[in-house]
Amino acid sequence: MYNELNTSTRILMGPGPSDAHPRVLKAMSTPLIGHLDPEFVTIMDEVKTMVQDTFITKNHLTFVVSAPGSAGMETCLVNLLEPGDDAIICINGVFGGRMADIAERCGANVYKIEKEWGTVVTPEDVKKALEKCPKPKLLALVHAETSTGALQPLKEISDLVHNAGGLLMVDAVTSYCGVELKVDEWGVDAIYTGTQKCLSAPPGLSPVSFSDRAVKALENRKTKVQSWFLDLSLVKNYWGGAKRAYHHTAPVSSVYALRESLRIVLEEGLENRWKRHQEVHQVLKSKLEALGFKYLVEEPYRLPNLNSVFLPEGNDEGLIRSKLLNEYNIEVGGGLGAFAGKIWRVGIMGESCTLNHVNMLVSALEDMKEFKKG
Ligand SMILES: *Cc1c(COP(=O)(O)O)cnc(C)c1O
C-alpha cells in the first residue's frame with residue numbers, strides 16, 4: 001500500500017516552478033469535460049486571446065503547446081528550420097546551448113555566438129556573425145537566461161536580423177509576465193514561453209506565437225516537419241480554424257489552470273506586474289547584499305525575477321540550500337554548468353514575488369547557525 005500523497009508546504013523561490021495562486025489550484029480541480037466539447041473550445045479561444053494580450057501581439061498563429069517550455073523551443077525550431085538552412089544561435093547560458101542542439105538536429109548550419117555566462121549578446125556581436133552568415137533563416141536568443149540571471153536587450157538586434165532578411169526567435173520562458181516584453185513592437189517573429197515561471201501556473205504547457213513573416217516561412221517549406229506532434233500545419237487546426245479537428249487530447253485540467261493564471265495577470269495588469277517584480281527585486285537585492293551576497297550579472301542586464309548571487313565567503317552552498325529546504329521549507333536554486341556549487345538562483349516570480357517571500361528567506365538565513373554573513 002502507498003500513503004496518501006502528502007507533500008511539504010514549500011515556499012518556491014527557485015528558477016521555477018513558482019508558487020501557484022489558490023485560484024489556479026482550484027481551477028485545476030474543476031470537473032473534466034471533453035476536449036472537443038463546445039465549452040472547452042470556448043475556453044481554448046479565451047486562452048488564445050489572453051496569450052495574445054500578454055505577449056502584446058496580434059499574431060493569428062498564437063496557441064499553447066501541450067508540453068513544457070522546451071517543447072515550445074522545439075516547436076519554433078523544427079517548424080522554421082529545414083535541412084541546409086543557416087541559423088545564428090546566441091549562447092550565453094544553458095538555454096541558448098539547448099537551442100543550438102535542437103537546431104543542429106533539424107539539419108541546419110548553426111553559427112554560434114558564444115558569450116561568457118552572465119553577460120549578454122551585443123549588436124556588435126550580431127553584426128560580426130552576420131558577416132560570416134549573411135543570410136540566416138533565423139537568429140535565436142534567450143530574453144531571460146535563467147541559468148545566469150541575465151536580461152537580453154532585443155530591439156537593436158531585431159532590426160539587424162530583419163535587415164538581413166532573417167527571422168527573430170526569442171525564448172521568453174522566464175521573462176513572460178515578469179519583465180517588459182512586447183512581441184509586435186519589438187518585431188519578434190517566433191516566441192515561446194512556459195507556464196511555471198512568472199505566470200505561476202503548473203509546469204507543462206508552452207504558449208507560443210508566430211508573426212505573419214514566420215507563417216510565410218512555414219508555408220514555403222519544401223520538406224515535412226520532422227516532428228509529427230509539433231508540426232504546426234497539423235496543430236493549428238486544433239487551436240484555431242473554422243472547424244476543430246482532433247489532433248491530440250489537450251491536457252484539459254492544465255488549460256483550466258492556465259486560463260485562471262492568465263486572468264490573474266490581466267486583472268493585475270502587465271505593467272503593474274512588471275513594476276512589482278522590479279520593486280520586490282530592489283528590496284531583495286539590498287537585503288541580500290547586506291548579508292554579503294554578490295550579484296553575478298552587471299546591473300543594467302540584471303533580471304529582477306531571477307537573482308544570481310555568489311554566497312558570502314566561507315559558506316557551503318549545498319549545505320545551506322538543503323537546510324533551507326528541509327528545515328525552513330524554502331526552495332532556492334543552485335547554479336548550473338560552470339556555476340554549479342558557486343551561485344544561488346533566487347527566483348521571485350509571479351506569486352512568489354512578494355515582500356513576504358523576501359522576508360521569509362532573509363529571516364531564515366539570519367536564523368540559521370550554519371550561515372555566515374559576509
Ligand atoms: C525553464 C526554461 C526553459 C525550459 O522550460 P521547461 O518548462 O523546463 O521545459 C527554457 N528556457 C528558459 C530560459 C527557461 O528558464
# chains A, B, ... in the order shown; residues from 1 in each chain; ligands from 1
$ residues_near_ligand --ligand "ligand 1" --cutoff "7 Å" --atoms "only C-alpha atoms and all ligand atoms" --output "ChimeraX atom specification"
/A:15-16,68-71,95,142,144-146,171-174,194,203-204
$ residues_around --residues "Val346 in chain A" --least-positions-apart "2" --cutoff "9 Å" --atoms "only C-alpha atoms" --output "ChimeraX atom specification"
/A:13-15,305-309,331-334,344,348
$ write_last_selection --atoms "N, CA, C and O atoms" --output "mmCIF file, in the first residue's frame"
data_model
loop_
_atom_site.group_PDB
_atom_site.id
_atom_site.type_symbol
_atom_site.label_atom_id
_atom_site.label_comp_id
_atom_site.auth_asym_id
_atom_site.auth_seq_id
_atom_site.Cartn_x
_atom_site.Cartn_y
_atom_site.Cartn_z
ATOM 1 N N MET A 13 11.166 29.591 -4.288
ATOM 2 C CA MET A 13 11.963 30.769 -4.677
ATOM 3 C C MET A 13 13.175 30.340 -5.505
ATOM 4 O O MET A 13 14.269 30.872 -5.364
ATOM 5 N N GLY A 14 12.933 29.344 -6.356
ATOM 6 C CA GLY A 14 13.996 28.896 -7.264
ATOM 7 C C GLY A 14 13.691 29.366 -8.677
ATOM 8 O O GLY A 14 12.937 30.310 -8.877
ATOM 9 N N PRO A 15 14.274 28.661 -9.663
ATOM 10 C CA PRO A 15 14.081 29.052 -11.071
ATOM 11 C C PRO A 15 12.784 28.513 -11.674
ATOM 12 O O PRO A 15 12.647 28.471 -12.891
ATOM 13 N N ASN A 305 13.618 39.135 -11.657
ATOM 14 C CA ASN A 305 12.870 37.974 -11.147
ATOM 15 C C ASN A 305 13.727 36.737 -10.913
ATOM 16 O O ASN A 305 13.267 35.763 -10.340
ATOM 17 N N LEU A 306 14.989 36.769 -11.389
ATOM 18 C CA LEU A 306 15.876 35.624 -11.146
ATOM 19 C C LEU A 306 17.221 36.206 -10.727
ATOM 20 O O LEU A 306 17.968 36.731 -11.558
ATOM 21 N N ASN A 307 17.501 36.119 -9.453
ATOM 22 C CA ASN A 307 18.675 36.768 -8.862
ATOM 23 C C ASN A 307 19.808 35.760 -8.703
ATOM 24 O O ASN A 307 19.733 34.859 -7.865
ATOM 25 N N SER A 308 20.846 35.902 -9.529
ATOM 26 C CA SER A 308 22.005 35.005 -9.442
ATOM 27 C C SER A 308 23.044 35.653 -8.551
ATOM 28 O O SER A 308 23.567 36.710 -8.895
ATOM 29 N N VAL A 309 23.335 34.990 -7.460
ATOM 30 C CA VAL A 309 24.230 35.614 -6.479
ATOM 31 C C VAL A 309 25.276 34.625 -5.953
ATOM 32 O O VAL A 309 24.996 33.433 -5.790
ATOM 33 N N GLU A 331 12.630 26.806 -1.039
ATOM 34 C CA GLU A 331 13.465 26.335 -2.145
ATOM 35 C C GLU A 331 14.119 27.504 -2.865
ATOM 36 O O GLU A 331 13.434 28.418 -3.304
ATOM 37 N N VAL A 332 15.459 27.463 -2.963
ATOM 38 C CA VAL A 332 16.163 28.354 -3.892
ATOM 39 C C VAL A 332 16.942 27.450 -4.841
ATOM 40 O O VAL A 332 17.174 26.272 -4.548
ATOM 41 N N GLY A 333 17.328 27.970 -6.009
ATOM 42 C CA GLY A 333 18.026 27.147 -6.992
ATOM 43 C C GLY A 333 19.531 27.200 -6.809
ATOM 44 O O GLY A 333 20.082 28.216 -6.385
ATOM 45 N N GLY A 334 20.204 26.108 -7.166
ATOM 46 C CA GLY A 334 21.665 26.106 -7.191
ATOM 47 C C GLY A 334 22.138 26.562 -8.565
ATOM 48 O O GLY A 334 21.329 26.828 -9.455
ATOM 49 N N TRP A 344 23.746 30.876 -6.159
ATOM 50 C CA TRP A 344 22.342 30.552 -5.957
ATOM 51 C C TRP A 344 21.536 31.301 -6.985
ATOM 52 O O TRP A 344 21.923 32.405 -7.407
ATOM 53 N N ILE A 348 12.067 35.303 -7.735
ATOM 54 C CA ILE A 348 10.860 35.957 -7.225
ATOM 55 C C ILE A 348 9.967 36.121 -8.451
ATOM 56 O O ILE A 348 10.039 37.121 -9.158
#
$ residues_around --residues "Val235 in chain A" --least-positions-apart "2" --cutoff "12 Å" --atoms "only C-alpha atoms" --output "list of chain:residue names"
A:Leu61, A:Thr62, A:Phe63, A:Val64, A:Val65, A:Ser66, A:Thr75, A:Asn79, A:Val208, A:Val225, A:Ser227, A:Trp228, A:Phe229, A:Leu230, A:Asp231, A:Leu232, A:Ser233, A:Asn237, A:Tyr238, A:Trp239, A:Gly240, A:Gly241, A:Arg244, A:Ala245, A:Tyr246, A:His247, A:His248, A:Thr249, A:Ala250
$ residues_around --residues "Arg321 in chain A" --least-positions-apart "2" --cutoff "12 Å" --atoms "only C-alpha atoms" --output "ChimeraX atom specification"
/A:13-14,311,315-319,323-335,341-346,361,364-365,368,370-371
$ select_by_dssp --residues "range 77-299 of chain A" --states "strand (DSSP E)" --output "VMD selection string"
chain A and resid 86 to 91 109 to 114 138 to 142 144 to 145 150 to 151 167 to 171 190 to 192 206 to 210 294 to 295
$ closest_atom_pairs --of "range 146-244 of chain A" --to "range 254-257 of chain A" --cutoff "8 Å" --atoms "only C-alpha atoms" --output "CSV"
residue,atom,partner,partner_atom,distance
A:Ala201,CA,A:Ala257,CA,6.3
A:Pro202,CA,A:Ser254,CA,7.2
A:Gly204,CA,A:Ser254,CA,7.6
A:Leu205,CA,A:Ser254,CA,7.5
$ write_last_selection --atoms "N, CA and C atoms" --output "compact mmCIF listing (two decimals), in the first residue's frame"
# COMPACT_ATOMS: atom_id res chain seq x y z
N ALA A 201 1.60 29.26 -12.98
CA ALA A 201 0.70 28.12 -13.23
C ALA A 201 1.56 26.85 -13.12
N PRO A 202 0.93 25.69 -13.08
CA PRO A 202 1.75 24.47 -13.02
C PRO A 202 2.58 24.32 -14.30
N GLY A 204 4.21 22.50 -17.62
CA GLY A 204 3.68 21.52 -18.57
C GLY A 204 3.00 22.08 -19.80
N LEU A 205 2.93 23.40 -19.93
CA LEU A 205 2.36 23.99 -21.14
C LEU A 205 3.31 25.07 -21.65
$ closest_residue --among "A:Ile320, A:Leu336, A:Cys198, A:Ala87" --to "Asp19 in chain A" --atoms "only C-alpha atoms"
A:Cys198
$ closest_residue --among "A:Pro312, A:Val297, A:Gly347, A:Ser253" --to "His35 in chain A" --atoms "only C-alpha atoms"
A:Ser253
$ residues_around --residues "Ala108 in chain A" --least-positions-apart "6" --cutoff "6 Å" --atoms "only C-alpha atoms" --output "short mmCIF file (atom, residue, chain, number, x, y, z; two decimals) with all heavy atoms, in the first residue's frame"
data_model
loop_
_atom_site.label_atom_id
_atom_site.label_comp_id
_atom_site.auth_asym_id
_atom_site.auth_seq_id
_atom_site.Cartn_x
_atom_site.Cartn_y
_atom_site.Cartn_z
N PRO A 83 16.56 21.29 -43.32
CA PRO A 83 17.96 20.89 -43.53
C PRO A 83 18.64 21.85 -44.51
O PRO A 83 18.05 22.22 -45.52
CB PRO A 83 17.84 19.48 -44.12
CG PRO A 83 16.53 18.96 -43.59
CD PRO A 83 15.63 20.15 -43.51
N GLY A 84 19.84 22.29 -44.15
CA GLY A 84 20.60 23.18 -45.03
C GLY A 84 20.39 24.66 -44.75
O GLY A 84 21.14 25.49 -45.26
N ASP A 85 19.38 25.01 -43.96
CA ASP A 85 19.18 26.43 -43.61
C ASP A 85 20.32 26.92 -42.72
O ASP A 85 20.85 26.16 -41.91
CB ASP A 85 17.87 26.61 -42.81
CG ASP A 85 16.64 26.59 -43.71
OD1 ASP A 85 16.79 26.73 -44.93
OD2 ASP A 85 15.53 26.42 -43.16
N ASP A 86 20.65 28.20 -42.84
CA ASP A 86 21.61 28.81 -41.92
C ASP A 86 20.85 29.40 -40.73
O ASP A 86 19.82 30.04 -40.91
CB ASP A 86 22.36 29.96 -42.61
CG ASP A 86 23.36 29.44 -43.64
OD1 ASP A 86 23.63 28.22 -43.63
OD2 ASP A 86 23.86 30.26 -44.44
#
$ closest_residue --among "A:Lys115, A:Lys294, A:His277, A:Lys372" --to "Leu355 in chain A" --atoms "only C-alpha atoms"
A:His277
$ select_by_dssp --residues "range 215-253 of chain A" --states "alpha helix (DSSP H)" --output "list in words"
Val215, Lys216, Ala217, Leu218, Glu219, Leu232, Ser233, Leu234, Val235, Lys236, Asn237, Tyr238, Trp239, Val252 and Ser253 of chain A
$ closest_residue --among "A:Leu296, A:Leu181, A:Ile89, A:Lys222" --to "Phe339 in chain A" --atoms "only C-alpha atoms"
A:Leu296
$ closest_residue --among "A:Pro22, A:Gly350, A:Pro31, A:Pro123" --to "Gln196 in chain A" --atoms "only C-alpha atoms"
A:Gly350
$ residues_around --residues "range 218-220 of chain A" --least-positions-apart "3" --cutoff "12 Å" --atoms "only C-alpha atoms" --output "MDAnalysis selection string"
chainID A and resid 61 75:82 137 167 189:190 210:215 223:225 231:234 236
$ residues_around --residues "Trp274 in chain A" --least-positions-apart "3" --cutoff "9 Å" --atoms "only C-alpha atoms" --output "PyMOL selection string"
chain A and resi 177-180+269-271+277-279
$ write_last_selection --atoms "all heavy atoms" --output "tab-separated table (two decimals), in the first residue's frame"
chain	number	residue	atom	x	y	z
A	177	CYS	N	5.51	37.86	-18.53
A	177	CYS	CA	4.68	38.27	-17.39
A	177	CYS	C	5.50	38.63	-16.14
A	177	CYS	O	4.95	38.69	-15.04
A	177	CYS	CB	3.62	37.23	-17.03
A	177	CYS	SG	2.44	36.98	-18.35
A	178	GLY	N	6.81	38.85	-16.33
A	178	GLY	CA	7.65	39.26	-15.20
A	178	GLY	C	8.43	40.53	-15.52
A	178	GLY	O	8.62	41.38	-14.66
A	179	VAL	N	8.90	40.64	-16.78
A	179	VAL	CA	9.59	41.85	-17.22
A	179	VAL	C	8.99	42.28	-18.56
A	179	VAL	O	8.31	41.50	-19.23
A	179	VAL	CB	11.12	41.65	-17.38
A	179	VAL	CG1	11.75	41.26	-16.06
A	179	VAL	CG2	11.44	40.62	-18.44
A	180	GLU	N	9.28	43.54	-18.92
A	180	GLU	CA	8.71	44.10	-20.15
A	180	GLU	C	8.99	43.19	-21.35
A	180	GLU	O	10.13	42.78	-21.57
A	180	GLU	CB	9.33	45.49	-20.39
A	180	GLU	CG	8.73	46.18	-21.58
A	180	GLU	CD	9.37	47.55	-21.84
A	180	GLU	OE1	10.61	47.66	-21.81
A	180	GLU	OE2	8.60	48.50	-22.06
A	269	GLY	N	-2.74	43.62	-14.42
A	269	GLY	CA	-2.22	44.50	-15.48
A	269	GLY	C	-0.75	44.18	-15.69
A	269	GLY	O	0.01	44.05	-14.72
A	270	LEU	N	-0.36	44.05	-16.94
A	270	LEU	CA	1.03	43.66	-17.25
A	270	LEU	C	2.04	44.66	-16.69
A	270	LEU	O	3.04	44.28	-16.09
A	270	LEU	CB	1.21	43.58	-18.76
A	270	LEU	CG	0.93	42.25	-19.45
A	270	LEU	CD1	1.18	42.40	-20.94
A	270	LEU	CD2	1.80	41.13	-18.87
A	271	GLU	N	1.75	45.96	-16.91
A	271	GLU	CA	2.72	46.98	-16.47
A	271	GLU	C	2.89	46.96	-14.96
A	271	GLU	O	4.01	47.08	-14.44
A	271	GLU	CB	2.26	48.38	-16.91
A	271	GLU	CG	1.93	48.44	-18.39
A	271	GLU	CD	2.82	49.42	-19.15
A	271	GLU	OE1	3.38	50.32	-18.50
A	271	GLU	OE2	2.95	49.26	-20.37
A	277	HIS	N	7.65	43.23	-9.94
A	277	HIS	CA	8.88	42.43	-9.95
A	277	HIS	C	10.11	43.31	-9.71
A	277	HIS	O	11.04	42.91	-9.01
A	277	HIS	CB	8.99	41.63	-11.25
A	277	HIS	CG	8.09	40.41	-11.29
A	277	HIS	ND1	6.78	40.47	-11.65
A	277	HIS	CD2	8.32	39.12	-10.93
A	277	HIS	CE1	6.24	39.26	-11.55
A	277	HIS	NE2	7.16	38.42	-11.11
A	278	GLN	N	10.11	44.52	-10.29
A	278	GLN	CA	11.23	45.45	-10.08
A	278	GLN	C	11.32	45.87	-8.62
A	278	GLN	O	12.40	45.89	-8.03
A	278	GLN	CB	11.05	46.71	-10.94
A	278	GLN	CG	11.68	46.66	-12.31
A	278	GLN	CD	13.17	46.36	-12.28
A	278	GLN	OE1	13.85	46.58	-11.27
A	278	GLN	NE2	13.68	45.84	-13.39
A	279	GLU	N	10.17	46.22	-8.06
A	279	GLU	CA	10.17	46.75	-6.69
A	279	GLU	C	10.59	45.70	-5.67
A	279	GLU	O	11.41	45.96	-4.78
A	279	GLU	CB	8.78	47.31	-6.34
A	279	GLU	CG	8.51	48.62	-7.06
A	279	GLU	CD	7.06	49.10	-6.97
A	279	GLU	OE1	6.21	48.36	-6.42
A	279	GLU	OE2	6.79	50.21	-7.45
$ closest_residue --among "A:Glu124, A:Glu4, A:Glu260, A:Asp159" --to "Lys26 in chain A" --atoms "only C-alpha atoms"
A:Glu260
$ decode --residues "range 170-285 of chain A" --atoms "C-alpha atoms" --output "PDB file, in the first residue's frame"
ATOM      1  CA  VAL A 170      13.050  34.529 -28.744  1.00  0.00           C
ATOM      2  CA  ASP A 171      12.942  32.341 -25.637  1.00  0.00           C
ATOM      3  CA  ALA A 172      10.678  34.204 -23.204  1.00  0.00           C
ATOM      4  CA  VAL A 173      10.163  31.387 -20.714  1.00  0.00           C
ATOM      5  CA  THR A 174      11.378  33.382 -17.711  1.00  0.00           C
ATOM      6  CA  SER A 175      10.667  36.922 -18.925  1.00  0.00           C
ATOM      7  CA  TYR A 176       6.978  36.454 -19.844  1.00  0.00           C
ATOM      8  CA  CYS A 177       4.682  38.271 -17.388  1.00  0.00           C
ATOM      9  CA  GLY A 178       7.655  39.263 -15.205  1.00  0.00           C
ATOM     10  CA  VAL A 179       9.586  41.849 -17.222  1.00  0.00           C
ATOM     11  CA  GLU A 180       8.712  44.101 -20.151  1.00  0.00           C
ATOM     12  CA  LEU A 181       8.061  42.073 -23.298  1.00  0.00           C
ATOM     13  CA  LYS A 182       6.383  43.481 -26.429  1.00  0.00           C
ATOM     14  CA  VAL A 183       6.246  40.951 -29.226  1.00  0.00           C
ATOM     15  CA  ASP A 184       4.824  43.107 -32.047  1.00  0.00           C
ATOM     16  CA  GLU A 185       6.587  46.331 -31.125  1.00  0.00           C
ATOM     17  CA  TRP A 186       9.948  44.579 -30.913  1.00  0.00           C
ATOM     18  CA  GLY A 187       9.446  42.619 -34.145  1.00  0.00           C
ATOM     19  CA  VAL A 188       9.705  39.152 -32.622  1.00  0.00           C
ATOM     20  CA  ASP A 189       8.785  36.523 -35.242  1.00  0.00           C
ATOM     21  CA  ALA A 190       8.661  33.370 -33.142  1.00  0.00           C
ATOM     22  CA  ILE A 191       8.357  33.229 -29.390  1.00  0.00           C
ATOM     23  CA  TYR A 192       7.702  30.576 -26.784  1.00  0.00           C
ATOM     24  CA  THR A 193       7.297  30.607 -23.044  1.00  0.00           C
ATOM     25  CA  GLY A 194       6.368  28.357 -20.138  1.00  0.00           C
ATOM     26  CA  THR A 195       3.663  28.402 -17.510  1.00  0.00           C
ATOM     27  CA  GLN A 196       5.599  27.711 -14.305  1.00  0.00           C
ATOM     28  CA  LYS A 197       7.743  30.822 -14.042  1.00  0.00           C
ATOM     29  CA  CYS A 198       6.238  34.334 -13.796  1.00  0.00           C
ATOM     30  CA  LEU A 199       2.782  33.106 -14.793  1.00  0.00           C
ATOM     31  CA  SER A 200       2.679  30.945 -11.639  1.00  0.00           C
ATOM     32  CA  ALA A 201       0.705  28.123 -13.225  1.00  0.00           C
ATOM     33  CA  PRO A 202       1.754  24.472 -13.020  1.00  0.00           C
ATOM     34  CA  PRO A 203       4.542  23.385 -15.393  1.00  0.00           C
ATOM     35  CA  GLY A 204       3.678  21.520 -18.569  1.00  0.00           C
ATOM     36  CA  LEU A 205       2.360  23.990 -21.142  1.00  0.00           C
ATOM     37  CA  SER A 206       4.105  26.318 -23.553  1.00  0.00           C
ATOM     38  CA  PRO A 207       2.344  29.343 -25.072  1.00  0.00           C
ATOM     39  CA  VAL A 208       3.849  30.198 -28.497  1.00  0.00           C
ATOM     40  CA  SER A 209       3.265  32.825 -31.162  1.00  0.00           C
ATOM     41  CA  PHE A 210       4.382  33.299 -34.792  1.00  0.00           C
ATOM     42  CA  SER A 211       4.360  36.517 -36.826  1.00  0.00           C
ATOM     43  CA  ASP A 212       2.995  36.698 -40.370  1.00  0.00           C
ATOM     44  CA  ARG A 213       6.603  36.698 -41.598  1.00  0.00           C
ATOM     45  CA  ALA A 214       7.204  33.439 -39.757  1.00  0.00           C
ATOM     46  CA  VAL A 215       3.955  31.985 -41.130  1.00  0.00           C
ATOM     47  CA  LYS A 216       5.237  32.729 -44.679  1.00  0.00           C
ATOM     48  CA  ALA A 217       8.382  30.778 -43.886  1.00  0.00           C
ATOM     49  CA  LEU A 218       6.223  27.861 -42.728  1.00  0.00           C
ATOM     50  CA  GLU A 219       4.146  27.993 -45.908  1.00  0.00           C
ATOM     51  CA  ASN A 220       7.285  27.998 -48.061  1.00  0.00           C
ATOM     52  CA  ARG A 221       8.771  24.859 -46.536  1.00  0.00           C
ATOM     53  CA  LYS A 222       9.992  22.313 -49.039  1.00  0.00           C
ATOM     54  CA  THR A 223      10.231  19.433 -46.586  1.00  0.00           C
ATOM     55  CA  LYS A 224       7.871  17.975 -43.988  1.00  0.00           C
ATOM     56  CA  VAL A 225       8.442  18.990 -40.388  1.00  0.00           C
ATOM     57  CA  GLN A 226      10.288  16.027 -38.875  1.00  0.00           C
ATOM     58  CA  SER A 227       8.137  16.004 -35.731  1.00  0.00           C
ATOM     59  CA  TRP A 228       4.511  14.927 -36.142  1.00  0.00           C
ATOM     60  CA  PHE A 229       3.375  16.194 -32.728  1.00  0.00           C
ATOM     61  CA  LEU A 230       4.903  19.650 -33.097  1.00  0.00           C
ATOM     62  CA  ASP A 231       4.097  20.195 -36.804  1.00  0.00           C
ATOM     63  CA  LEU A 232       2.184  23.486 -36.854  1.00  0.00           C
ATOM     64  CA  SER A 233       0.449  22.731 -40.123  1.00  0.00           C
ATOM     65  CA  LEU A 234      -1.388  20.000 -38.187  1.00  0.00           C
ATOM     66  CA  VAL A 235      -1.686  21.589 -34.715  1.00  0.00           C
ATOM     67  CA  LYS A 236      -3.025  24.890 -35.981  1.00  0.00           C
ATOM     68  CA  ASN A 237      -6.384  23.354 -36.906  1.00  0.00           C
ATOM     69  CA  TYR A 238      -6.760  22.184 -33.323  1.00  0.00           C
ATOM     70  CA  TRP A 239      -6.171  25.600 -31.738  1.00  0.00           C
ATOM     71  CA  GLY A 240      -7.996  27.635 -34.364  1.00  0.00           C
ATOM     72  CA  GLY A 241      -9.565  27.411 -37.770  1.00  0.00           C
ATOM     73  CA  ALA A 242     -13.228  27.184 -38.653  1.00  0.00           C
ATOM     74  CA  LYS A 243     -13.577  23.530 -37.774  1.00  0.00           C
ATOM     75  CA  ARG A 244     -11.768  21.975 -34.801  1.00  0.00           C
ATOM     76  CA  ALA A 245     -10.115  18.751 -35.801  1.00  0.00           C
ATOM     77  CA  TYR A 246      -8.763  16.141 -33.416  1.00  0.00           C
ATOM     78  CA  HIS A 247      -5.001  16.333 -33.200  1.00  0.00           C
ATOM     79  CA  HIS A 248      -4.238  15.145 -29.679  1.00  0.00           C
ATOM     80  CA  THR A 249      -6.149  15.347 -26.401  1.00  0.00           C
ATOM     81  CA  ALA A 250      -5.408  18.671 -24.740  1.00  0.00           C
ATOM     82  CA  PRO A 251      -4.423  18.484 -21.052  1.00  0.00           C
ATOM     83  CA  VAL A 252      -7.818  19.837 -20.000  1.00  0.00           C
ATOM     84  CA  SER A 253      -7.020  20.499 -16.317  1.00  0.00           C
ATOM     85  CA  SER A 254      -3.769  22.263 -17.143  1.00  0.00           C
ATOM     86  CA  VAL A 255      -5.593  24.502 -19.610  1.00  0.00           C
ATOM     87  CA  TYR A 256      -8.080  25.399 -16.853  1.00  0.00           C
ATOM     88  CA  ALA A 257      -5.132  26.384 -14.665  1.00  0.00           C
ATOM     89  CA  LEU A 258      -3.511  28.374 -17.448  1.00  0.00           C
ATOM     90  CA  ARG A 259      -6.769  30.234 -18.095  1.00  0.00           C
ATOM     91  CA  GLU A 260      -7.052  31.209 -14.426  1.00  0.00           C
ATOM     92  CA  SER A 261      -3.415  32.306 -14.188  1.00  0.00           C
ATOM     93  CA  LEU A 262      -3.821  34.500 -17.287  1.00  0.00           C
ATOM     94  CA  ARG A 263      -6.969  36.011 -15.818  1.00  0.00           C
ATOM     95  CA  ILE A 264      -4.977  36.924 -12.685  1.00  0.00           C
ATOM     96  CA  VAL A 265      -2.224  38.539 -14.795  1.00  0.00           C
ATOM     97  CA  LEU A 266      -4.736  40.620 -16.746  1.00  0.00           C
ATOM     98  CA  GLU A 267      -6.541  41.676 -13.567  1.00  0.00           C
ATOM     99  CA  GLU A 268      -3.262  42.957 -12.138  1.00  0.00           C
ATOM    100  CA  GLY A 269      -2.218  44.496 -15.476  1.00  0.00           C
ATOM    101  CA  LEU A 270       1.025  43.659 -17.247  1.00  0.00           C
ATOM    102  CA  GLU A 271       2.720  46.979 -16.469  1.00  0.00           C
ATOM    103  CA  ASN A 272       1.846  46.702 -12.767  1.00  0.00           C
ATOM    104  CA  ARG A 273       3.186  43.190 -12.769  1.00  0.00           C
ATOM    105  CA  TRP A 274       6.497  44.258 -14.343  1.00  0.00           C
ATOM    106  CA  LYS A 275       6.720  47.053 -11.777  1.00  0.00           C
ATOM    107  CA  ARG A 276       6.014  44.702  -8.866  1.00  0.00           C
ATOM    108  CA  HIS A 277       8.879  42.430  -9.949  1.00  0.00           C
ATOM    109  CA  GLN A 278      11.232  45.448 -10.085  1.00  0.00           C
ATOM    110  CA  GLU A 279      10.170  46.749  -6.688  1.00  0.00           C
ATOM    111  CA  VAL A 280      10.421  43.448  -4.856  1.00  0.00           C
ATOM    112  CA  HIS A 281      13.773  42.833  -6.567  1.00  0.00           C
ATOM    113  CA  GLN A 282      15.137  46.116  -5.162  1.00  0.00           C
ATOM    114  CA  VAL A 283      14.240  45.066  -1.616  1.00  0.00           C
ATOM    115  CA  LEU A 284      15.613  41.552  -2.086  1.00  0.00           C
ATOM    116  CA  LYS A 285      18.818  42.979  -3.545  1.00  0.00           C
TER     117      LYS A 285
END
